[in-house]
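Novice: Provided herewith is a single structure, encoded as structure tokens, for subsequent inquiry.
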Amino acid sequence: MFVLLLVSGFETTSHLLGNALALAFQHPLAADGLRGGGIPAAGFTDEVLRLEASVQYAARVPLREGLDVGGVSAPLGTVALVFLGAANRDPRRYDRPAEFDPLRTGPPPLAFGGGAHFCLGAPLARLQAGIALPALLRRFPRLRLAGEPVRRYGFMLRGYEELPVALG
């Protein structure tokens, strides 16, 4: 339970905030809009969750015979990987799926899963990002990248090992 709380409640949120900050550096007009209130924090956060979801996949195991996923048989007990990060970039669901657009309308991102497997911490993560990001950008209006970001190595979680910043 401790590991679940640590990974689910801390690491994913820190990656959400780091991914959001990196996108803010890449899109300074969007950062200015978030800082000034012209771009809603909820929209900015959802677009970060769509484009750079902290959790890239989830494992699922079929519990009944005869399950078919996209024309492929999934026998009982088979481990299936659901690639949330790829689904969040599906051009059948999102216009211009590779672009960061914090004013995007349409379906919500699948970053927190869905149905019975929807993340219980999703409202808290969204609240934390919705408060922290605009506050950080307002408090440090000259916040900028101060070196080369280093992505965290891994397949399941997406975030930064290093994201050097300067405050002024």
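Labels used: A, B, ... for chains in the order of the structure tokens, numbers from 1 for residues in each chain, and numbers from 1 for ligands as shown.
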Leaving out stretch 148-150 of chain A and any residue of its chain fewer than 6 positions from it, which residues lie within 12 Å of it when counting only C-alpha atoms, given as a ChimeraX atom specification?

Specialist: /A:18-19,21-23,25-26,158-165

Novice: Go ahead and write the selection's residues with C-alpha atoms as an mmCIF file, in the first residue's frame.

Specialist:
```
data_model
loop_
_atom_site.group_PDB
_atom_site.id
_atom_site.type_symbol
_atom_site.label_atom_id
_atom_site.label_comp_id
_atom_site.auth_asym_id
_atom_site.auth_seq_id
_atom_site.Cartn_x
_atom_site.Cartn_y
_atom_site.Cartn_z
ATOM 1 C CA GLY A 18 7.306 18.940 -14.393
ATOM 2 C CA ASN A 19 5.704 18.082 -17.738
ATOM 3 C CA LEU A 21 6.397 23.409 -16.668
ATOM 4 C CA ALA A 22 8.379 22.034 -19.620
ATOM 5 C CA LEU A 23 5.410 22.672 -21.918
ATOM 6 C CA PHE A 25 8.710 26.831 -21.417
ATOM 7 C CA GLN A 26 8.087 25.474 -24.938
ATOM 8 C CA ARG A 158 6.765 9.983 -18.340
ATOM 9 C CA GLY A 159 8.552 12.836 -16.687
ATOM 10 C CA TYR A 160 11.900 14.494 -16.145
ATOM 11 C CA GLU A 161 14.887 13.361 -14.178
ATOM 12 C CA GLU A 162 16.230 16.911 -14.439
ATOM 13 C CA LEU A 163 14.457 20.119 -15.402
ATOM 14 C CA PRO A 164 16.893 22.910 -14.494
ATOM 15 C CA VAL A 165 15.269 26.323 -14.057
#
```

Novice: Could you list, as a CSV table (one decimal) with N, CA, C and O atoms, in the first residue's frame, every residue within 7 Å of A:Glu65, counting only C-alpha atoms and ignoring same-chain residues fewer than 2 positions away?

Specialist:
```csv
chain,number,residue,atom,x,y,z
A,67,LEU,N,-13.4,-12.4,-25.1
A,67,LEU,CA,-13.2,-10.9,-25.2
A,67,LEU,C,-12.4,-10.6,-26.5
A,67,LEU,O,-11.5,-11.3,-26.8
A,75,PRO,N,-7.6,-13.9,-24.9
A,75,PRO,CA,-8.0,-15.0,-24.1
A,75,PRO,C,-7.9,-14.7,-22.6
A,75,PRO,O,-7.2,-13.8,-22.1
A,76,LEU,N,-8.7,-15.5,-21.8
A,76,LEU,CA,-8.8,-15.3,-20.4
A,76,LEU,C,-7.4,-15.4,-19.8
A,76,LEU,O,-6.6,-16.3,-20.1
```

Novice: Taking only C-alpha atoms into account, name the residue in A:Ala146, A:Val72, A:Glu47, A:Ala58 that is nearest to A:Tyr94.

Specialist: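 When distances to A:Tyr94 are compared using only C-alpha atoms, the smallest one comes from A:Glu47.
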
Novice: Could you give me, as an NGL selection string, the residues within 6 Å of stretch 50-57 of chain A, counting only C-alpha atoms and dropping anything in the same chain fewer than 5 positions from it?

Specialist: :A and (12 or 15-16 or 82-85 or 88 or 109 or 111 or 156-158)

Novice: Take the selection from the previous step and output its residues with C-alpha atoms, as a PDB file, in the first residue's frame.

Specialist:
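Output file out13.pdb follows:
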```pdb
ATOM      1  CA  THR A  12       2.761  10.980 -10.966  1.00  0.00           C
ATOM      2  CA  HIS A  15       5.714  14.389 -13.261  1.00  0.00           C
ATOM      3  CA  LEU A  16       2.485  16.223 -14.094  1.00  0.00           C
ATOM      4  CA  VAL A  82      -3.579  -0.233 -22.674  1.00  0.00           C
ATOM      5  CA  PHE A  83      -1.446   2.609 -24.013  1.00  0.00           C
ATOM      6  CA  LEU A  84      -3.088   5.727 -22.564  1.00  0.00           C
ATOM      7  CA  GLY A  85      -0.412   8.037 -23.976  1.00  0.00           C
ATOM      8  CA  ASN A  88      -4.441  10.633 -26.015  1.00  0.00           C
ATOM      9  CA  PRO A 109      -7.712  12.949 -21.828  1.00  0.00           C
ATOM     10  CA  ALA A 111      -4.484  10.054 -18.486  1.00  0.00           C
ATOM     11  CA  MET A 156       5.471   3.432 -17.860  1.00  0.00           C
ATOM     12  CA  LEU A 157       6.004   6.858 -16.307  1.00  0.00           C
ATOM     13  CA  ARG A 158       6.765   9.983 -18.340  1.00  0.00           C
TER      14      ARG A 158
END
```

Novice: Skipping near chain neighbours, those fewer than 5 positions away, what residues fall within 12 Å of A:Leu143 using only C-alpha atoms, listed as a ChimeraX atom specification?

Specialist: /A:21-22,24-25,28,31-32,35,133,135-138,164-168

Novice: Do you have, as a tab-separated table, the list of residues of stretch 31-54 of chain A lying at most 7 Å from stretch 117-132 of chain A, each with its nearest atom pair and that distance in Å to one decimal, counting only C-alpha atoms and ordered by chain then number?

Specialist:
```
residue	atom	partner	partner_atom	distance
A:Ala41	CA	A:Gly130	CA	4.9
A:Ala42	CA	A:Gly130	CA	5.9
A:Thr45	CA	A:Ala129	CA	6.5
```

Novice: If you run DSSP over the backbone, which residues in stretch 6-156 of chain A end up alpha helix (DSSP H)? Put them as a ChimeraX atom specification.

Specialist: /A:6,12-26,28-36,41-51,84-87,122-139

Novice: Go ahead and compute the interatomic distance for atom CA of A:Asp46 and atom CA of A:His27, in Å to one decimal.

Specialist: 15.3 Å

Novice: From the set A:Ala116, A:Leu17, A:Leu103, A:Val61, which residue has the shortest atom-to-atom contact distance to A:Ala74, counting only C-alpha atoms?

Specialist: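 Among the listed residues, the smallest separation from A:Ala74 belongs to A:Val61.
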
Novice: Would you mind telling me which residue in A:Pro102, A:Arg139, A:Gly36, A:Leu49 lies nearest to A:Ala86 when using only C-alpha atoms?

Specialist: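 Selected residue with least distance to A:Ala86: A:Leu49.
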
Novice: What is the distance between atom CA of A:Arg93 and atom CA of A:Gly113, in Å to one decimal?

Specialist: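 So the answer is 15.7 Å.
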